[in-house]
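Asker: Just one file: work04.pdb, with PDB, C-alpha atoms and all ligand atoms.
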ATOM      1  CA  MET A  11      -4.330 156.263 -27.199
ATOM      2  CA  SER A  12      -2.677 159.594 -27.732
ATOM      3  CA  GLY A  13      -3.696 160.837 -24.329
ATOM      4  CA  ARG A  14      -2.148 158.004 -22.425
ATOM      5  CA  PHE A  15       1.445 157.670 -21.454
ATOM      6  CA  TYR A  16       2.005 154.051 -20.736
ATOM      7  CA  LEU A  17       4.397 153.116 -18.051
ATOM      8  CA  PHE A  18       5.386 150.047 -19.966
ATOM      9  CA  ILE A  19       6.771 152.275 -22.658
ATOM     10  CA  VAL A  20       9.218 153.665 -20.186
ATOM     11  CA  ILE A  21      10.141 150.538 -18.368
ATOM     12  CA  VAL A  22       8.869 147.728 -20.441
ATOM     13  CA  ALA A  23       7.637 144.847 -18.411
ATOM     14  CA  SER A  24       9.712 142.154 -19.915
ATOM     15  CA  TRP A  25      11.401 139.594 -17.836
ATOM     16  CA  ILE A  26      14.382 137.333 -17.658
ATOM     17  CA  THR A  27      14.201 133.674 -16.869
ATOM     18  CA  PHE A  28      15.668 133.700 -13.428
ATOM     19  CA  SER A  29      17.640 130.675 -12.397
ATOM     20  CA  GLY A  30      19.209 131.941  -9.205
ATOM     21  CA  THR A  31      18.108 131.832  -5.628
ATOM     22  CA  ALA A  32      14.655 132.949  -4.621
ATOM     23  CA  HIS A  33      15.431 135.997  -2.539
ATOM     24  CA  ALA A  34      14.820 139.432  -3.893
ATOM     25  CA  SER A  35      17.612 141.380  -5.436
ATOM     26  CA  LEU A  36      18.426 144.361  -7.502
ATOM     27  CA  MET A  37      18.860 142.807 -10.875
ATOM     28  CA  ALA A  38      19.883 145.786 -12.960
ATOM     29  CA  TYR A  39      20.448 149.461 -12.342
ATOM     30  CA  TYR A  40      21.123 152.196 -14.865
ATOM     31  CA  PRO A  41      22.267 155.533 -13.409
ATOM     32  CA  PHE A  42      23.292 156.545 -16.961
ATOM     33  CA  GLU A  43      26.552 158.071 -15.822
ATOM     34  CA  ASP A  44      28.579 155.595 -17.838
ATOM     35  CA  PHE A  45      26.175 155.415 -20.757
ATOM     36  CA  ALA A  46      23.792 152.480 -20.383
ATOM     37  CA  ARG A  47      26.069 150.332 -18.280
ATOM     38  CA  ASP A  48      24.431 148.151 -15.636
ATOM     39  CA  ALA A  49      25.858 149.465 -12.360
ATOM     40  CA  THR A  50      25.114 146.281 -10.448
ATOM     41  CA  GLY A  51      27.924 144.502 -12.233
ATOM     42  CA  HIS A  52      25.517 141.823 -13.425
ATOM     43  CA  GLY A  53      26.344 142.658 -16.998
ATOM     44  CA  TYR A  54      22.927 143.712 -18.269
ATOM     45  CA  ASP A  55      24.392 146.641 -20.138
ATOM     46  CA  GLY A  56      21.922 148.410 -22.386
ATOM     47  CA  ALA A  57      22.335 149.088 -26.085
ATOM     48  CA  PRO A  58      21.139 152.567 -27.165
ATOM     49  CA  LYS A  59      19.280 152.496 -30.482
ATOM     50  CA  ASN A  60      18.370 155.024 -33.153
ATOM     51  CA  GLY A  61      20.238 157.959 -31.715
ATOM     52  CA  VAL A  62      18.947 158.150 -28.173
ATOM     53  CA  THR A  63      20.957 161.027 -26.720
ATOM     54  CA  HIS A  64      23.260 160.599 -23.766
ATOM     55  CA  GLY A  65      24.661 163.303 -21.528
ATOM     56  CA  ILE A  66      21.732 165.621 -20.913
ATOM     57  CA  GLN A  67      21.185 166.913 -17.408
ATOM     58  CA  GLY A  68      19.572 164.109 -15.467
ATOM     59  CA  HIS A  69      17.780 163.790 -12.190
ATOM     60  CA  SER A  70      21.220 162.928 -10.877
ATOM     61  CA  GLY A  71      24.214 163.530 -13.093
ATOM     62  CA  SER A  72      23.593 162.665 -16.693
ATOM     63  CA  ALA A  73      20.639 161.001 -18.352
ATOM     64  CA  TYR A  74      19.297 159.896 -21.711
ATOM     65  CA  TRP A  75      16.922 161.827 -23.937
ATOM     66  CA  PHE A  76      14.423 159.918 -26.076
ATOM     67  CA  ASP A  77      13.057 161.648 -29.157
ATOM     68  CA  GLY A  78       9.577 160.137 -29.138
ATOM     69  CA  ILE A  79      10.063 158.876 -32.685
ATOM     70  CA  ASP A  80      12.231 155.803 -32.643
ATOM     71  CA  ASP A  81      14.692 156.052 -29.743
ATOM     72  CA  TYR A  82      15.020 153.263 -27.239
ATOM     73  CA  ILE A  83      17.559 151.317 -25.219
ATOM     74  CA  GLU A  84      17.547 147.579 -25.516
ATOM     75  CA  LEU A  85      18.498 145.521 -22.492
ATOM     76  CA  PRO A  86      19.870 141.984 -22.684
ATOM     77  CA  ILE A  87      17.006 140.800 -20.524
ATOM     78  CA  VAL A  88      14.612 138.345 -22.060
ATOM     79  CA  ILE A  89      11.136 137.687 -20.874
ATOM     80  CA  ASP A  90       9.535 134.545 -19.598
ATOM     81  CA  GLN A  91       5.982 135.566 -20.312
ATOM     82  CA  ASN A  92       4.463 132.358 -19.020
ATOM     83  CA  ASP A  93       5.893 132.519 -15.543
ATOM     84  CA  LEU A  94       6.257 136.129 -14.580
ATOM     85  CA  PRO A  95       7.749 136.381 -11.102
ATOM     86  CA  SER A  96       7.175 139.330  -8.856
ATOM     87  CA  ILE A  97       9.018 142.304 -10.230
ATOM     88  CA  THR A  98       9.516 145.979  -9.577
ATOM     89  CA  ILE A  99      10.730 148.382 -12.208
ATOM     90  CA  GLY A 100      11.081 152.114 -11.905
ATOM     91  CA  ALA A 101      12.902 155.234 -12.989
ATOM     92  CA  TRP A 102      13.077 158.964 -12.832
ATOM     93  CA  VAL A 103      11.488 160.329 -15.968
ATOM     94  CA  LYS A 104      10.744 163.738 -17.365
ATOM     95  CA  PHE A 105       7.927 163.599 -19.831
ATOM     96  CA  GLY A 106       8.433 166.017 -22.712
ATOM     97  CA  ILE A 107       5.840 167.031 -25.249
ATOM     98  CA  GLU A 108       6.234 168.850 -28.509
ATOM     99  CA  SER A 109       3.460 169.931 -30.790
ATOM    100  CA  THR A 110       4.550 167.452 -33.401
ATOM    101  CA  SER A 111       4.791 164.628 -30.932
ATOM    102  CA  PRO A 112       2.982 161.473 -31.951
ATOM    103  CA  GLN A 113       1.973 161.136 -28.313
ATOM    104  CA  GLY A 114       0.338 164.491 -27.909
ATOM    105  CA  VAL A 115      -2.053 165.387 -25.168
ATOM    106  CA  ASN A 116      -5.778 165.306 -25.570
ATOM    107  CA  SER A 117      -8.351 167.192 -23.583
ATOM    108  CA  SER A 118      -8.144 164.790 -20.706
ATOM    109  CA  GLY A 119      -4.388 165.109 -20.436
ATOM    110  CA  ALA A 120      -1.654 162.521 -20.463
ATOM    111  CA  HIS A 121      -1.636 159.867 -17.798
ATOM    112  CA  TRP A 122       0.840 157.504 -16.314
ATOM    113  CA  SER A 123      -0.728 154.181 -17.070
ATOM    114  CA  LEU A 124      -0.070 150.524 -16.611
ATOM    115  CA  MET A 125      -0.795 147.915 -19.228
ATOM    116  CA  THR A 126      -2.012 144.693 -17.744
ATOM    117  CA  ARG A 127      -3.155 141.535 -19.426
ATOM    118  CA  GLY A 128      -6.708 142.693 -18.821
ATOM    119  CA  GLY A 129      -6.304 146.130 -20.335
ATOM    120  CA  ILE A 130      -4.890 149.522 -19.582
ATOM    121  CA  ILE A 131      -5.096 151.219 -16.232
ATOM    122  CA  PRO A 132      -4.723 154.985 -16.418
ATOM    123  CA  THR A 133      -4.075 156.624 -13.121
ATOM    124  CA  PHE A 134      -2.056 159.713 -12.417
ATOM    125  CA  LEU A 135      -1.873 162.728 -14.650
ATOM    126  CA  ALA A 136       1.545 163.084 -16.223
ATOM    127  CA  GLN A 137       3.113 166.488 -15.835
ATOM    128  CA  GLN A 138       5.318 167.736 -18.604
ATOM    129  CA  GLY A 139       8.869 168.895 -18.064
ATOM    130  CA  ARG A 140       9.229 167.808 -14.480
ATOM    131  CA  TRP A 141      11.279 164.946 -13.063
ATOM    132  CA  THR A 142       8.862 162.334 -11.828
ATOM    133  CA  PHE A 143       9.573 159.115  -9.987
ATOM    134  CA  VAL A 144       7.545 156.274 -11.449
ATOM    135  CA  ALA A 145       7.542 152.590 -10.643
ATOM    136  CA  ALA A 146       5.476 149.517 -11.314
ATOM    137  CA  ALA A 147       5.361 146.446  -9.136
ATOM    138  CA  TYR A 148       3.812 143.090  -9.863
ATOM    139  CA  ASP A 149       3.101 140.947  -6.824
ATOM    140  CA  LYS A 150       2.719 137.377  -7.923
ATOM    141  CA  LEU A 151       1.511 136.247  -4.516
ATOM    142  CA  THR A 152      -1.472 138.579  -4.415
ATOM    143  CA  GLY A 153      -1.965 138.875  -8.161
ATOM    144  CA  THR A 154      -1.857 142.642  -8.105
ATOM    145  CA  VAL A 155      -0.061 145.403  -9.902
ATOM    146  CA  THR A 156       0.814 148.702  -8.299
ATOM    147  CA  LEU A 157       1.620 151.945 -10.022
ATOM    148  CA  TYR A 158       3.644 154.361  -7.943
ATOM    149  CA  VAL A 159       4.104 157.985  -8.980
ATOM    150  CA  ASP A 160       5.897 160.532  -6.807
ATOM    151  CA  GLY A 161       4.827 159.110  -3.485
ATOM    152  CA  LYS A 162       1.307 158.124  -4.471
ATOM    153  CA  SER A 163       0.299 154.634  -5.445
ATOM    154  CA  MET A 164      -2.666 152.692  -6.734
ATOM    155  CA  THR A 165      -3.015 148.926  -6.674
ATOM    156  CA  PHE A 166      -5.183 146.808  -8.941
ATOM    157  CA  PRO A 167      -5.712 143.117  -9.488
ATOM    158  CA  GLY A 168      -3.899 141.956 -12.563
ATOM    159  CA  VAL A 169      -0.740 140.827 -14.244
ATOM    160  CA  LEU A 170       1.592 143.149 -16.083
ATOM    161  CA  ASP A 171       1.267 142.762 -19.797
ATOM    162  CA  LEU A 172       4.564 141.649 -21.168
ATOM    163  CA  GLY A 173       6.111 142.509 -24.437
ATOM    164  CA  PRO A 174       7.964 139.886 -26.431
ATOM    165  CA  GLY A 175      11.700 139.781 -26.766
ATOM    166  CA  PRO A 176      14.328 141.741 -24.897
ATOM    167  CA  MET A 177      13.337 144.484 -22.507
ATOM    168  CA  ARG A 178      13.352 147.938 -23.995
ATOM    169  CA  LEU A 179      13.483 151.302 -22.319
ATOM    170  CA  GLY A 180      11.501 153.934 -24.169
ATOM    171  CA  ALA A 181       9.593 151.644 -26.458
ATOM    172  CA  ARG A 182       7.947 148.314 -26.689
ATOM    173  CA  GLU A 183       8.547 145.846 -29.442
ATOM    174  CA  GLY A 184       5.671 145.743 -31.866
ATOM    175  CA  LEU A 185       4.194 149.082 -30.864
ATOM    176  CA  SER A 186       4.862 152.310 -32.692
ATOM    177  CA  THR A 187       4.569 154.544 -29.652
ATOM    178  CA  HIS A 188       7.829 155.794 -28.205
ATOM    179  CA  PHE A 189       8.703 157.701 -25.105
ATOM    180  CA  LEU A 190       9.434 161.397 -25.525
ATOM    181  CA  GLY A 191      11.498 162.844 -22.740
ATOM    182  CA  ALA A 192      14.348 162.203 -20.366
ATOM    183  CA  MET A 193      15.035 159.112 -18.296
ATOM    184  CA  ASP A 194      17.438 158.450 -15.450
ATOM    185  CA  ASP A 195      18.144 155.952 -12.682
ATOM    186  CA  VAL A 196      16.284 152.974 -14.077
ATOM    187  CA  PHE A 197      16.093 150.025 -11.683
ATOM    188  CA  ILE A 198      14.775 146.504 -11.858
ATOM    189  CA  PHE A 199      14.173 144.283  -8.854
ATOM    190  CA  ILE A 200      13.549 140.623  -9.331
ATOM    191  CA  ASP A 201      11.308 138.381  -7.242
ATOM    192  CA  GLU A 202       9.960 141.221  -5.166
ATOM    193  CA  ALA A 203       7.119 143.680  -5.379
ATOM    194  CA  LEU A 204       8.558 146.599  -3.458
ATOM    195  CA  THR A 205       6.104 148.305  -1.155
ATOM    196  CA  PRO A 206       5.223 151.988  -1.526
ATOM    197  CA  GLU A 207       7.309 152.575   1.593
ATOM    198  CA  GLU A 208      10.334 150.942   0.020
ATOM    199  CA  LEU A 209       9.795 152.911  -3.158
ATOM    200  CA  ASP A 210       9.531 156.074  -1.090
ATOM    201  CA  LYS A 211      12.943 155.286   0.286
ATOM    202  CA  ILE A 212      14.402 154.905  -3.184
ATOM    203  CA  ARG A 213      12.684 158.101  -4.299
ATOM    204  CA  THR A 214      14.025 160.164  -1.424
ATOM    205  CA  GLN A 215      17.388 158.525  -0.793
ATOM    206  CA  GLY A 216      18.369 157.104  -4.130
ATOM    207  CA  ILE A 217      19.312 153.555  -4.840
ATOM    208  CA  ASN A 218      22.308 151.564  -3.793
ATOM    209  CA  PRO A 219      23.316 148.958  -6.327
ATOM    210  CA  MET A 220      23.055 146.360  -3.619
ATOM    211  CA  PRO A 221      19.958 144.394  -2.648
ATOM    212  CA  LEU A 222      17.626 146.054  -0.171
ATOM    213  CA  PRO A 223      17.755 144.387   3.260
TER     214      PRO A 223
HETATM  215 CA    CA B   1      22.112 159.847 -13.975
END
I need this file expressed as structure tokens, please.
Answerer:
Amino acid sequence: MSGRFYLFIVIVASWITFSGTAHASLMAYYPFEDFARDATGHGYDGAPKNGVTHGIQGHSGSAYWFDGIDDYIELPIVIDQNDLPSITIGAWVKFGIESTSPQGVNSSGAHWSLMTRGGIIPTFLAQQGRWTFVAAAYDKLTGTVTLYVDGKSMTFPGVLDLGPGPMRLGAREGLSTHFLGAMDDVFIFIDEALTPEELDKIRTQGINPMPLP
């Protein structure tokens, strides 16, 4: 496990019970300029836990630093594990490694991975100390999950494995592994699996806290 860097640790695939209309929308967006405030105005403000550090240089403006030990940000977003709608979650992240890190890197290197209900899908090598755009999309219609990393994507059949309780950035409830590194511009789309082209647009042009057309 030490050689894998699970995407769900960064942007935990938890979900809210959605009672609104069926069209896709940007549910929550965290540019981390004003701490962990949800910039969409929907009120899903995050709660930093255990000393996660705000104000470091981010991909854009400021960002949070996670110590890889116990830091995380809890979001007031609660999962409906039994009826996961399509969802896209992503962020800019900079994976940091220290020699004492519990994550470490083994001979095969660290990977960006997805955890699905059928197991773990490791895909792209994770590069240390470099801002990387990562996203995961679950398409309920096709029953597939896509991992997108810096313009490349891989799609697999499956369902994202969901953690219990509120969504957490940087950790997953019940698991001891924590994210070590920086995180910025976290976004969550509801009821839509964004395409790699749409994610490319977010990667290159940034995100507007309004729904994509
Ligand atoms: Ca920022």
Asker: Smallest atom-to-atom distance to ligand CA 1 (chain B): which of A:Leu157, A:Leu94, A:Ile66, A:Ala136, using only C-alpha atoms and all ligand atoms?
Answerer: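 Under the stated criterion, the closest residue is A:Ile66.
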Asker: Have a look at A:Leu151, A:Val103, A:Leu179, A:Val169 and name the one nearest to Pro58 of chain A; count all atoms listed in the file.
Answerer: A:Leu179
Asker: Which polymer residues have any atom within 12 Å of an atom of Ile131 of chain A, counting only C-alpha atoms, with same-chain residues fewer than 2 positions away left out, as a PyMOL selection string?
Answerer: chain A and resi 14-18+121-129+133-134+146+155-157+164-171
Asker: Based on the selection just made, write C-alpha atoms of those residues as a PDB file, in the coordinates of the input.
Answerer:
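Okay, out28.pdb is ready:
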ATOM      1  CA  ARG A  14      -2.148 158.004 -22.425  1.00  0.00           C
ATOM      2  CA  PHE A  15       1.445 157.670 -21.454  1.00  0.00           C
ATOM      3  CA  TYR A  16       2.005 154.051 -20.736  1.00  0.00           C
ATOM      4  CA  LEU A  17       4.397 153.116 -18.051  1.00  0.00           C
ATOM      5  CA  PHE A  18       5.386 150.047 -19.966  1.00  0.00           C
ATOM      6  CA  HIS A 121      -1.636 159.867 -17.798  1.00  0.00           C
ATOM      7  CA  TRP A 122       0.840 157.504 -16.314  1.00  0.00           C
ATOM      8  CA  SER A 123      -0.728 154.181 -17.070  1.00  0.00           C
ATOM      9  CA  LEU A 124      -0.070 150.524 -16.611  1.00  0.00           C
ATOM     10  CA  MET A 125      -0.795 147.915 -19.228  1.00  0.00           C
ATOM     11  CA  THR A 126      -2.012 144.693 -17.744  1.00  0.00           C
ATOM     12  CA  ARG A 127      -3.155 141.535 -19.426  1.00  0.00           C
ATOM     13  CA  GLY A 128      -6.708 142.693 -18.821  1.00  0.00           C
ATOM     14  CA  GLY A 129      -6.304 146.130 -20.335  1.00  0.00           C
ATOM     15  CA  THR A 133      -4.075 156.624 -13.121  1.00  0.00           C
ATOM     16  CA  PHE A 134      -2.056 159.713 -12.417  1.00  0.00           C
ATOM     17  CA  ALA A 146       5.476 149.517 -11.314  1.00  0.00           C
ATOM     18  CA  VAL A 155      -0.061 145.403  -9.902  1.00  0.00           C
ATOM     19  CA  THR A 156       0.814 148.702  -8.299  1.00  0.00           C
ATOM     20  CA  LEU A 157       1.620 151.945 -10.022  1.00  0.00           C
ATOM     21  CA  MET A 164      -2.666 152.692  -6.734  1.00  0.00           C
ATOM     22  CA  THR A 165      -3.015 148.926  -6.674  1.00  0.00           C
ATOM     23  CA  PHE A 166      -5.183 146.808  -8.941  1.00  0.00           C
ATOM     24  CA  PRO A 167      -5.712 143.117  -9.488  1.00  0.00           C
ATOM     25  CA  GLY A 168      -3.899 141.956 -12.563  1.00  0.00           C
ATOM     26  CA  VAL A 169      -0.740 140.827 -14.244  1.00  0.00           C
ATOM     27  CA  LEU A 170       1.592 143.149 -16.083  1.00  0.00           C
ATOM     28  CA  ASP A 171       1.267 142.762 -19.797  1.00  0.00           C
TER      29      ASP A 171
END
Asker: Can you build me a table of chain A residues sitting at most 10 Å from ligand CA 1 (chain B), with the closest atom pair per residue and its distance in Å to one decimal, using only C-alpha atoms and all ligand atoms, sorted by chain and residue number, as CSV?
Answerer:
residue,atom,partner,partner_atom,distance
A:Tyr40,CA,B:CA1,CA,7.8
A:Pro41,CA,B:CA1,CA,4.4
A:Phe42,CA,B:CA1,CA,4.6
A:Glu43,CA,B:CA1,CA,5.1
A:Asp44,CA,B:CA1,CA,8.7
A:Phe45,CA,B:CA1,CA,9.1
A:Ala46,CA,B:CA1,CA,9.9
A:His64,CA,B:CA1,CA,9.9
A:Gly65,CA,B:CA1,CA,8.7
A:Ile66,CA,B:CA1,CA,9.0
A:Gln67,CA,B:CA1,CA,7.9
A:Gly68,CA,B:CA1,CA,5.2
A:His69,CA,B:CA1,CA,6.1
A:Ser70,CA,B:CA1,CA,4.5
A:Gly71,CA,B:CA1,CA,4.3
A:Ser72,CA,B:CA1,CA,4.2
A:Ala73,CA,B:CA1,CA,4.8
A:Tyr74,CA,B:CA1,CA,8.2
A:Trp102,CA,B:CA1,CA,9.1
A:Met193,CA,B:CA1,CA,8.3
A:Asp194,CA,B:CA1,CA,5.1
A:Asp195,CA,B:CA1,CA,5.7
A:Val196,CA,B:CA1,CA,9.0
Asker: Next, the residues of the selection above should be written as a PDB file, in the frame of the given file with C-alpha atoms.
Answerer:
ATOM      1  CA  TYR A  40      21.123 152.196 -14.865  1.00  0.00           C
ATOM      2  CA  PRO A  41      22.267 155.533 -13.409  1.00  0.00           C
ATOM      3  CA  PHE A  42      23.292 156.545 -16.961  1.00  0.00           C
ATOM      4  CA  GLU A  43      26.552 158.071 -15.822  1.00  0.00           C
ATOM      5  CA  ASP A  44      28.579 155.595 -17.838  1.00  0.00           C
ATOM      6  CA  PHE A  45      26.175 155.415 -20.757  1.00  0.00           C
ATOM      7  CA  ALA A  46      23.792 152.480 -20.383  1.00  0.00           C
ATOM      8  CA  HIS A  64      23.260 160.599 -23.766  1.00  0.00           C
ATOM      9  CA  GLY A  65      24.661 163.303 -21.528  1.00  0.00           C
ATOM     10  CA  ILE A  66      21.732 165.621 -20.913  1.00  0.00           C
ATOM     11  CA  GLN A  67      21.185 166.913 -17.408  1.00  0.00           C
ATOM     12  CA  GLY A  68      19.572 164.109 -15.467  1.00  0.00           C
ATOM     13  CA  HIS A  69      17.780 163.790 -12.190  1.00  0.00           C
ATOM     14  CA  SER A  70      21.220 162.928 -10.877  1.00  0.00           C
ATOM     15  CA  GLY A  71      24.214 163.530 -13.093  1.00  0.00           C
ATOM     16  CA  SER A  72      23.593 162.665 -16.693  1.00  0.00           C
ATOM     17  CA  ALA A  73      20.639 161.001 -18.352  1.00  0.00           C
ATOM     18  CA  TYR A  74      19.297 159.896 -21.711  1.00  0.00           C
ATOM     19  CA  TRP A 102      13.077 158.964 -12.832  1.00  0.00           C
ATOM     20  CA  MET A 193      15.035 159.112 -18.296  1.00  0.00           C
ATOM     21  CA  ASP A 194      17.438 158.450 -15.450  1.00  0.00           C
ATOM     22  CA  ASP A 195      18.144 155.952 -12.682  1.00  0.00           C
ATOM     23  CA  VAL A 196      16.284 152.974 -14.077  1.00  0.00           C
TER      24      VAL A 196
END
Asker: Suppose a student applies the PyMOL selection byres (((chain A and resi 57) around 8) and not hetatm) to this structure; what residues should they get, written as a VMD selection string?
Answerer: chain A and resid 46 55 to 56 58 to 59 83 to 85
Asker: Can those selected residues be exported to a file as a PDB file, in the frame of the given file so that it contains C-alpha atoms?
Answerer:
ATOM      1  CA  ALA A  46      23.792 152.480 -20.383  1.00  0.00           C
ATOM      2  CA  ASP A  55      24.392 146.641 -20.138  1.00  0.00           C
ATOM      3  CA  GLY A  56      21.922 148.410 -22.386  1.00  0.00           C
ATOM      4  CA  PRO A  58      21.139 152.567 -27.165  1.00  0.00           C
ATOM      5  CA  LYS A  59      19.280 152.496 -30.482  1.00  0.00           C
ATOM      6  CA  ILE A  83      17.559 151.317 -25.219  1.00  0.00           C
ATOM      7  CA  GLU A  84      17.547 147.579 -25.516  1.00  0.00           C
ATOM      8  CA  LEU A  85      18.498 145.521 -22.492  1.00  0.00           C
TER       9      LEU A  85
END
Asker: Tell me which residues the PyMOL selection byres (((chain A and resi 38) around 7) and not hetatm) grabs here, as a ChimeraX atom specification.
Answerer: /A:36-37,39-40,48,50,52,54,197-198
Asker: What would the file look like if the residues just selected were written as a short mmCIF file (atom, residue, chain, number, x, y, z; two decimals), keeping the file's coordinate frame with C-alpha atoms?
Answerer:
data_model
loop_
_atom_site.label_atom_id
_atom_site.label_comp_id
_atom_site.auth_asym_id
_atom_site.auth_seq_id
_atom_site.Cartn_x
_atom_site.Cartn_y
_atom_site.Cartn_z
CA LEU A 36 18.43 144.36 -7.50
CA MET A 37 18.86 142.81 -10.88
CA TYR A 39 20.45 149.46 -12.34
CA TYR A 40 21.12 152.20 -14.86
CA ASP A 48 24.43 148.15 -15.64
CA THR A 50 25.11 146.28 -10.45
CA HIS A 52 25.52 141.82 -13.42
CA TYR A 54 22.93 143.71 -18.27
CA PHE A 197 16.09 150.02 -11.68
CA ILE A 198 14.78 146.50 -11.86
#
Asker: Would you mind reading off the distance between atom CA of His188 of chain A and atom CA of Thr205 of chain A, one decimal, in Å?
Answerer: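 Taking atom CA of His188 of chain A and atom CA of Thr205 of chain A, their separation equals 28.1 Å.
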Asker: Figure out the distance between atom CA of Asp77 of chain A and atom CA of Gly161 of chain A, please, to one decimal in Å.
Answerer: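 Separating atom CA of Gly161 of chain A from atom CA of Asp77 of chain A is a distance of 27.1 Å.
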Asker: Step by step, work through what the PyMOL selection byres (((chain A and resi 75) around 6) and not hetatm) selects in the shown file, and finish by giving those residues as a list in words.
Answerer: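 After applying the PyMOL selection byres (((chain A and resi 75) around 6) and not hetatm), what remains is Val62, Thr63, Tyr74, Phe76, Gly191 and Ala192 of chain A.
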Asker: Using all atoms listed in the file for the distances, tell me which of A:Arg213, A:Gln138, A:Asp149, A:Asn60 is nearest to Ala101 of chain A.
Answerer: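 The closest residue to Ala101 of chain A is A:Arg213.
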Asker: Do a neighbour search on Glu207 of chain A at 12 Å with all atoms listed in the file, toss out local chain neighbours closer than 2 positions, and write the hits as JSON, numbers by chain.
Answerer: {"A": [158, 160, 161, 162, 163, 203, 204, 205, 209, 210, 211, 212, 213, 214, 215]}
Asker: Go through A:Pro206, A:Ile200, A:Gly180, A:Pro95 one by one, measure the shortest atom-to-atom distance of each to Val159 of chain A using all atoms listed in the file, and give the residue with the smallest value.
Answerer: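 Going through A:Pro206, A:Ile200, A:Gly180, A:Pro95 one by one, the smallest distance to Val159 of chain A is for A:Pro206.
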Asker: For Thr187 of chain A, which of A:Gly53, A:Ala120, A:Gly78, A:Arg47 is the closest residue, counting only C-alpha atoms?
Answerer: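 Between A:Gly53, A:Ala120, A:Gly78, A:Arg47, the residue approaching Thr187 of chain A most closely is A:Gly78.
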Asker: For atom CA of Thr152 of chain A and atom CA of Thr98 of chain A, determine how far apart the two atoms are, in Å to one decimal place.
Answerer: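 A separation of 14.2 Å between them.
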Asker: Given the choices A:Gly100, A:Gly153, A:Gly106, A:Gly184, which gets closest to Gln137 of chain A if the distance is worked out from all atoms listed in the file?
Answerer: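 Checking each of A:Gly100, A:Gly153, A:Gly106, A:Gly184 against Gln137 of chain A, counting all atoms listed in the file, the winner is A:Gly106.
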